[in-house]
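Enquirer: First the structure, then my questions, so here it is.
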Amino acid sequence: MSLPYTRAEAKDRAREWFGACNVTLPSFGADYSRLNPQAIAHDVRLAASMGYWGTLVASECGTTVDEYVQFMEIAADASPSGFRLVAHLSFSTTEEALRVADAACALGFEAGLPSYPPDFVPKASSDVVDWTRDLMERTDLGMILFAVPTWGYRSISPAGFPHDALQEMAQFDTAMAVKYEGGAPGVVTGLADVLRRCGEHVVVCAPMEFTAPALIEWYGARWIGTSGYEAYGDRVPTWFAMLHEGRWGEGMELFWSYQPAREARGSWSATFGGANLIHRNGWKYLGWLHGFNGGLLRMPQMRLSAAQMAMLRRGIEASGFTVPDDDSGFISGRIPE
């Protein structure tokens, strides 16, 4: 396989995206020394069967760069026709990210989600633009620009990510989308400004699923991602399609049907606020409740307590989902190796 578009075609291709992009986390063998290909393939195929547009093949989960490339290969082999894959370019160095971008191109991935290395400390918006330009000029892989306060750039922008930088970067030929999470608590206001600045050039979205009905109504948003929507089974892609079909009554009924799960997830997230990390083991547990493999990730990761699991389970059960009777199968996973 190869990249399914040229640099000149990247922006037009992104305009055709429709749906929700979930996240696939790696699964490991019993001794954590290797990946579990069967479990990973199961998760990719299940996400596709639930109606997701595609999936982010997540790094930041304890894999080496070599293992992450293997993870990508497993996902590509398991991916059914039409199911898109996004590479997660979150590594310690730019060179590692570029190695993964090259692998993504060779495997026919749809896009990359770049991350800024922890030792990159910009002093001005122009520094962010320059770093991003350098990355994007060295690969043909289209990019989903990721504007999130996690990078620690509040010193150069009160929104947590400089909007003027996004405006310039959106015009790069392989910029396909902006994933915007800045400006909290004024995320919607920040998103409106980014849409005004960047909407002519790229797809603009907020990945939080609870904002999507408003974005569909206000400006016809056709794509959201990337996020752990599998925490709610197949309901996100289902109501997303319903709203676009004009079935607002049914769609919004389904949207509100899992509000207890949303609230439980919000309460759980508050227990590790300020960590500047995603609780990936918690995401694995939420996915496991809906049929994904589960299993713990390789350390170091935040630990998932029994109280946190109980909190999340109660929210999922109150939302009418069918879940395993107990949590005894989570740690080993559904498809242990």
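Chain identifiers are assigned as A, B, and so on, following the order in which chains appear in the structure tokens; residues are numbered from 1 within each chain, and ligands are numbered from 1 in order of appearance.
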For stretch 195-209 of chain A, list every protein, DNA or RNA residue within 7 Å, evaluated using only C-alpha atoms, and leave out those in the same chain fewer than 6 positions away; present the list as a VMD selection string.
Expert: chain A and resid 11 14 to 15 167 170 to 171 175 to 181 224 to 227
Enquirer: List the spatial neighbours of A:Leu135 as a tab-separated table (two decimals) with N, CA and C atoms, in the first residue's frame - criterion: any atom at most 12 Å away, only C-alpha atoms, same-chain residues fewer than 2 positions off excluded.
Expert:
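Result saved to out13.tsv:
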```tsv
chain	number	residue	atom	x	y	z
A	89	LEU	N	1.81	10.73	16.18
A	89	LEU	CA	3.22	11.11	16.11
A	89	LEU	C	3.67	11.77	17.41
A	93	THR	N	11.45	12.63	20.09
A	93	THR	CA	12.20	13.47	19.17
A	93	THR	C	11.47	13.61	17.83
A	94	THR	N	11.83	14.65	17.10
A	94	THR	CA	11.27	14.85	15.77
A	94	THR	C	11.66	13.72	14.84
A	95	GLU	N	12.87	13.23	14.96
A	95	GLU	CA	13.33	12.15	14.07
A	95	GLU	C	12.51	10.89	14.28
A	96	GLU	N	12.15	10.59	15.52
A	96	GLU	CA	11.30	9.42	15.77
A	96	GLU	C	9.93	9.62	15.14
A	97	ALA	N	9.38	10.82	15.27
A	97	ALA	CA	8.07	11.11	14.67
A	97	ALA	C	8.12	10.96	13.15
A	98	LEU	N	9.22	11.40	12.55
A	98	LEU	CA	9.35	11.30	11.09
A	98	LEU	C	9.51	9.85	10.64
A	99	ARG	N	10.20	9.07	11.44
A	99	ARG	CA	10.30	7.65	11.10
A	99	ARG	C	8.92	7.00	11.06
A	100	VAL	N	8.10	7.34	12.04
A	100	VAL	CA	6.75	6.79	12.09
A	100	VAL	C	5.91	7.35	10.95
A	101	ALA	N	6.07	8.62	10.61
A	101	ALA	CA	5.34	9.20	9.49
A	101	ALA	C	5.68	8.48	8.19
A	102	ASP	N	6.94	8.15	7.99
A	102	ASP	CA	7.35	7.42	6.79
A	102	ASP	C	6.68	6.05	6.76
A	112	GLY	N	-1.72	11.93	10.08
A	112	GLY	CA	-0.94	11.87	11.31
A	112	GLY	C	-1.43	12.91	12.29
A	113	LEU	N	-1.32	12.60	13.56
A	113	LEU	CA	-1.65	13.55	14.64
A	113	LEU	C	-0.35	13.89	15.34
A	114	PRO	N	0.27	15.04	15.01
A	114	PRO	CA	1.58	15.36	15.58
A	114	PRO	C	1.49	15.84	17.03
A	115	SER	N	2.54	15.57	17.75
A	115	SER	CA	2.71	16.04	19.12
A	115	SER	C	4.01	16.82	19.19
A	116	TYR	N	4.06	17.78	20.09
A	116	TYR	CA	5.28	18.57	20.24
A	116	TYR	C	6.17	17.92	21.30
A	117	PRO	N	7.44	17.67	20.99
A	117	PRO	CA	8.32	16.99	21.95
A	117	PRO	C	8.42	17.74	23.27
A	128	VAL	N	6.45	27.80	17.09
A	128	VAL	CA	5.52	26.68	16.87
A	128	VAL	C	5.33	26.47	15.37
A	129	VAL	N	5.15	27.55	14.64
A	129	VAL	CA	4.98	27.47	13.20
A	129	VAL	C	6.22	26.84	12.55
A	130	ASP	N	7.39	27.29	12.95
A	130	ASP	CA	8.63	26.80	12.35
A	130	ASP	C	8.82	25.30	12.61
A	131	TRP	N	8.58	24.87	13.85
A	131	TRP	CA	8.74	23.45	14.16
A	131	TRP	C	7.77	22.61	13.33
A	132	THR	N	6.52	23.06	13.26
A	132	THR	CA	5.50	22.31	12.53
A	132	THR	C	5.80	22.30	11.03
A	133	ARG	N	6.25	23.42	10.51
A	133	ARG	CA	6.60	23.47	9.09
A	133	ARG	C	7.73	22.49	8.77
A	137	GLU	N	7.21	19.51	6.09
A	137	GLU	CA	7.96	19.55	4.83
A	137	GLU	C	8.78	18.29	4.61
A	138	ARG	N	8.97	17.51	5.67
A	138	ARG	CA	9.83	16.32	5.58
A	138	ARG	C	9.04	15.02	5.45
A	139	THR	N	7.74	15.11	5.29
A	139	THR	CA	6.90	13.94	5.05
A	139	THR	C	5.70	14.36	4.21
A	140	ASP	N	5.17	13.43	3.43
A	140	ASP	CA	3.98	13.70	2.63
A	140	ASP	C	2.70	13.37	3.39
A	141	LEU	N	2.82	12.81	4.58
A	141	LEU	CA	1.64	12.45	5.36
A	141	LEU	C	0.85	13.70	5.75
A	142	GLY	N	-0.44	13.71	5.46
A	142	GLY	CA	-1.28	14.82	5.89
A	142	GLY	C	-1.42	14.86	7.40
A	143	MET	N	-1.62	16.07	7.94
A	143	MET	CA	-1.60	16.23	9.39
A	143	MET	C	-2.90	16.82	9.94
A	145	LEU	N	-3.65	19.04	12.83
A	145	LEU	CA	-2.99	19.93	13.78
A	145	LEU	C	-3.69	19.83	15.13
A	169	MET	N	-0.41	27.78	10.00
A	169	MET	CA	-0.15	26.37	9.74
A	169	MET	C	-1.27	25.72	8.93
A	172	PHE	N	-0.56	25.34	5.26
A	172	PHE	CA	0.43	24.41	4.74
A	172	PHE	C	-0.29	23.38	3.87
A	174	THR	N	-0.18	20.21	3.36
A	174	THR	CA	-0.62	18.93	3.89
A	174	THR	C	-1.34	19.05	5.24
A	175	ALA	N	-1.74	20.26	5.61
A	175	ALA	CA	-2.60	20.43	6.79
A	175	ALA	C	-4.02	20.03	6.39
```
Enquirer: Check stretch 92-298 of chain A with DSSP on the backbone and list each residue it calls strand (DSSP E or B), as JSON, numbers by chain.
Expert: {"A": [111, 112, 113, 114, 143, 144, 145, 146, 147, 175, 176, 177, 178, 179, 180, 203, 204, 205, 223, 224, 225]}
Enquirer: Using C-alpha atoms, can you write the selected residues to a file as a PDB file, in the first residue's frame?
Expert:
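The file below, selection.pdb, is the result:
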```
ATOM      1  CA  ALA A 111      -3.206  11.135   8.373  1.00  0.00           C
ATOM      2  CA  GLY A 112      -0.940  11.867  11.307  1.00  0.00           C
ATOM      3  CA  LEU A 113      -1.651  13.545  14.635  1.00  0.00           C
ATOM      4  CA  PRO A 114       1.582  15.364  15.581  1.00  0.00           C
ATOM      5  CA  MET A 143      -1.603  16.235   9.388  1.00  0.00           C
ATOM      6  CA  ILE A 144      -4.328  16.898  11.929  1.00  0.00           C
ATOM      7  CA  LEU A 145      -2.987  19.930  13.779  1.00  0.00           C
ATOM      8  CA  PHE A 146      -3.474  19.413  17.511  1.00  0.00           C
ATOM      9  CA  ALA A 147      -4.174  22.546  19.573  1.00  0.00           C
ATOM     10  CA  ALA A 175      -2.602  20.428   6.790  1.00  0.00           C
ATOM     11  CA  MET A 176      -5.889  18.516   6.710  1.00  0.00           C
ATOM     12  CA  ALA A 177      -7.655  19.366   9.971  1.00  0.00           C
ATOM     13  CA  VAL A 178      -7.430  21.120  13.324  1.00  0.00           C
ATOM     14  CA  LYS A 179      -8.276  19.224  16.493  1.00  0.00           C
ATOM     15  CA  TYR A 180      -9.046  22.052  18.901  1.00  0.00           C
ATOM     16  CA  VAL A 203     -11.490  20.770   8.590  1.00  0.00           C
ATOM     17  CA  VAL A 204     -12.017  22.250  12.079  1.00  0.00           C
ATOM     18  CA  CYS A 205     -13.428  20.234  14.963  1.00  0.00           C
ATOM     19  CA  TRP A 223     -16.007  14.810  11.113  1.00  0.00           C
ATOM     20  CA  ILE A 224     -14.911  14.621  14.742  1.00  0.00           C
ATOM     21  CA  GLY A 225     -11.785  13.091  16.193  1.00  0.00           C
TER      22      GLY A 225
END
```
Enquirer: If you run DSSP over the backbone, which residues in stretch 149-185 of chain A end up helix (DSSP H, G or I)? Put them as a VMD selection string.
Expert: chain A and resid 149 to 151 163 to 169
Enquirer: My list of candidates is A:Asn293, A:Ser2, A:Gln308, A:Ser155. Which is closest to A:Ala264 when distances are computed with only C-alpha atoms?
Expert: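 Using only C-alpha atoms, the shortest distance to A:Ala264 belongs to A:Gln308.
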Enquirer: For A:Leu289, list every protein, DNA or RNA residue within 7 Å, evaluated using only C-alpha atoms, and leave out those in the same chain fewer than 4 positions away; present the list as a list in words.
Expert: Tyr285, Val323 and Pro324 of chain A
Enquirer: Excluding A:Leu296 and residues on its chain fewer than 4 positions from it, collect all residues at most 8 Å away from it, counting only C-alpha atoms, and give them as a list in words.
Expert: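 Answer for this query is Ser27, Phe28, Asn281, Lys284, Phe330, Ile331, Ser332 and Gly333 of chain A.
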Enquirer: Could you write out that same residue set with C-alpha atoms as an mmCIF file, in the first residue's frame?
Expert:
```
data_model
loop_
_atom_site.group_PDB
_atom_site.id
_atom_site.type_symbol
_atom_site.label_atom_id
_atom_site.label_comp_id
_atom_site.auth_asym_id
_atom_site.auth_seq_id
_atom_site.Cartn_x
_atom_site.Cartn_y
_atom_site.Cartn_z
ATOM 1 C CA SER A 27 -2.620 -4.793 23.788
ATOM 2 C CA PHE A 28 0.317 -6.773 25.145
ATOM 3 C CA ASN A 281 -5.669 2.247 31.460
ATOM 4 C CA LYS A 284 -8.816 0.425 28.126
ATOM 5 C CA PHE A 330 -10.249 -7.047 32.386
ATOM 6 C CA ILE A 331 -6.583 -7.379 33.344
ATOM 7 C CA SER A 332 -5.932 -10.479 31.227
ATOM 8 C CA GLY A 333 -8.036 -9.129 28.340
#
```
Enquirer: Would you compute the distance between atom CA of A:Tyr219 and atom CA of A:Leu243? Give it in Å to one decimal.
Expert: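 These two atoms are separated by 12.8 Å.
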Enquirer: Find the residues of stretch 23-111 of chain A that sit at most 9 Å from stretch 236-239 of chain A; for each, write down the nearest two atoms and how far apart they are in Å, to one decimal. Count only C-alpha atoms. Sort by chain, then by number going up, and give it as a Markdown table.
Expert:
```
| residue | atom | partner | partner_atom | distance |
| --- | --- | --- | --- | --- |
| A:Met50 | CA | A:Pro237 | CA | 7.6 |
| A:Gly51 | CA | A:Pro237 | CA | 5.8 |
| A:Tyr52 | CA | A:Pro237 | CA | 5.8 |
| A:Trp53 | CA | A:Pro237 | CA | 8.1 |
```
Enquirer: Limited to C-alpha atoms, could you put the picked residues into a file as a CSV table (one decimal), in the first residue's frame?
Expert:
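Output file out.csv is given in full below:
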```
chain,number,residue,atom,x,y,z
A,50,MET,CA,-19.5,-0.1,15.2
A,51,GLY,CA,-19.5,2.4,12.4
A,52,TYR,CA,-16.4,4.5,13.2
A,53,TRP,CA,-14.8,6.4,10.3
```
Enquirer: Which residue, A:Glu73, A:Leu277, A:Ser267, A:Ser319, has the smallest gap to A:Ala307 when you use only C-alpha atoms?
Expert: A:Ser267
Enquirer: Rank nothing, just name the residue among A:Gly182, A:Met311, A:Leu25, A:Gln259 nearest to A:Pro158, using only C-alpha atoms.
Expert: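 Closest to A:Pro158 of all the choices is A:Gly182.
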Enquirer: Which residue, A:Leu56, A:Cys61, A:Ala48, A:Ala261, has the smallest gap to A:Ala78 when you use only C-alpha atoms?
Expert: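 Of A:Leu56, A:Cys61, A:Ala48, A:Ala261, the one nearest A:Ala78 is A:Ala48, counting only C-alpha atoms.
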Enquirer: Using only C-alpha atoms for the distances, tell me which of A:Trp248, A:Phe18, A:Phe272, A:Phe161 is nearest to A:Gly82.
Expert: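 Smallest distance to A:Gly82 is found for A:Phe18.
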Enquirer: For A:Leu85, which residue out of A:Val194, A:Leu3, A:Leu35, A:Ala212 is the nearest one, using only C-alpha atoms?
Expert: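 Ranked by minimum distance to A:Leu85, first place goes to A:Leu3.
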Enquirer: Using Å and a single decimal, report how far atom CA of A:Val23 sits from atom CA of A:Ile216.
Expert: 21.5 Å
Enquirer: When you look at A:Asp127 with a cut-off of 12 Å (counting only C-alpha atoms), what residues show up, excluding the ones that are within fewer than 5 positions of it in the same chain? I need them as an mmCIF file with N, CA and C atoms, in the first residue's frame.
Expert:
```cif
data_model
loop_
_atom_site.group_PDB
_atom_site.id
_atom_site.type_symbol
_atom_site.label_atom_id
_atom_site.label_comp_id
_atom_site.auth_asym_id
_atom_site.auth_seq_id
_atom_site.Cartn_x
_atom_site.Cartn_y
_atom_site.Cartn_z
ATOM 1 N N TYR A 116 4.062 17.781 20.095
ATOM 2 C CA TYR A 116 5.283 18.571 20.240
ATOM 3 C C TYR A 116 6.169 17.924 21.303
ATOM 4 N N PHE A 120 10.710 20.762 23.525
ATOM 5 C CA PHE A 120 10.466 21.904 22.654
ATOM 6 C C PHE A 120 9.710 22.965 23.458
ATOM 7 N N VAL A 121 10.375 24.089 23.742
ATOM 8 C CA VAL A 121 9.785 25.154 24.561
ATOM 9 C C VAL A 121 9.783 26.438 23.742
ATOM 10 N N PRO A 122 8.716 26.708 23.023
ATOM 11 C CA PRO A 122 8.682 27.890 22.159
ATOM 12 C C PRO A 122 8.603 29.180 22.962
ATOM 13 N N THR A 132 6.521 23.060 13.262
ATOM 14 C CA THR A 132 5.501 22.311 12.528
ATOM 15 C C THR A 132 5.800 22.297 11.035
ATOM 16 N N ARG A 133 6.248 23.418 10.507
ATOM 17 C CA ARG A 133 6.600 23.471 9.085
ATOM 18 C C ARG A 133 7.729 22.492 8.767
ATOM 19 N N ASP A 134 8.730 22.440 9.630
ATOM 20 C CA ASP A 134 9.849 21.537 9.407
ATOM 21 C C ASP A 134 9.365 20.090 9.353
ATOM 22 N N TYR A 153 1.806 25.796 26.463
ATOM 23 C CA TYR A 153 2.151 27.010 25.733
ATOM 24 C C TYR A 153 1.343 28.231 26.177
ATOM 25 N N ILE A 156 2.658 31.805 25.769
ATOM 26 C CA ILE A 156 2.612 32.530 24.496
ATOM 27 C C ILE A 156 1.194 32.693 23.979
ATOM 28 N N PRO A 162 -1.446 29.080 20.444
ATOM 29 C CA PRO A 162 -1.584 30.330 19.699
ATOM 30 C C PRO A 162 -2.429 30.190 18.432
ATOM 31 N N ASP A 164 -2.902 32.439 16.133
ATOM 32 C CA ASP A 164 -2.237 32.979 14.948
ATOM 33 C C ASP A 164 -1.321 31.940 14.318
ATOM 34 N N ALA A 165 -0.733 31.083 15.136
ATOM 35 C CA ALA A 165 0.070 29.994 14.593
ATOM 36 C C ALA A 165 -0.804 29.016 13.818
ATOM 37 N N LEU A 166 -1.964 28.654 14.375
ATOM 38 C CA LEU A 166 -2.883 27.763 13.668
ATOM 39 C C LEU A 166 -3.300 28.355 12.325
ATOM 40 N N GLU A 168 -1.665 30.284 10.353
ATOM 41 C CA GLU A 168 -0.596 30.137 9.372
ATOM 42 C C GLU A 168 -0.384 28.673 8.999
ATOM 43 N N MET A 169 -0.412 27.777 10.003
ATOM 44 C CA MET A 169 -0.151 26.370 9.739
ATOM 45 C C MET A 169 -1.271 25.721 8.930
#
```
Enquirer: Applying 12 Å and only C-alpha atoms, which residues near A:Gly274 remain after dropping the ones on its own chain fewer than 5 positions away? List them as number ranges by chain.
Expert: A: 149-150, 152, 269, 279
Enquirer: Store the residues picked out above in a file with N, CA and C atoms, as an mmCIF file, in the first residue's frame.
Expert:
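The resulting file, part_22.cif, is shown below:
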```cif
data_model
loop_
_atom_site.group_PDB
_atom_site.id
_atom_site.type_symbol
_atom_site.label_atom_id
_atom_site.label_comp_id
_atom_site.auth_asym_id
_atom_site.auth_seq_id
_atom_site.Cartn_x
_atom_site.Cartn_y
_atom_site.Cartn_z
ATOM 1 N N PRO A 149 -3.976 22.603 25.420
ATOM 2 C CA PRO A 149 -3.135 23.228 26.453
ATOM 3 C C PRO A 149 -2.100 22.300 27.065
ATOM 4 N N THR A 150 -2.230 20.984 26.842
ATOM 5 C CA THR A 150 -1.285 20.023 27.405
ATOM 6 C C THR A 150 0.160 20.355 27.050
ATOM 7 N N GLY A 152 1.622 23.060 27.151
ATOM 8 C CA GLY A 152 2.211 24.020 28.086
ATOM 9 C C GLY A 152 2.579 25.351 27.457
ATOM 10 N N SER A 269 -12.406 11.677 35.561
ATOM 11 C CA SER A 269 -11.313 12.511 35.043
ATOM 12 C C SER A 269 -10.850 13.537 36.066
ATOM 13 N N HIS A 279 -5.483 9.041 31.139
ATOM 14 C CA HIS A 279 -5.500 7.792 31.902
ATOM 15 C C HIS A 279 -5.813 6.660 30.926
#
```
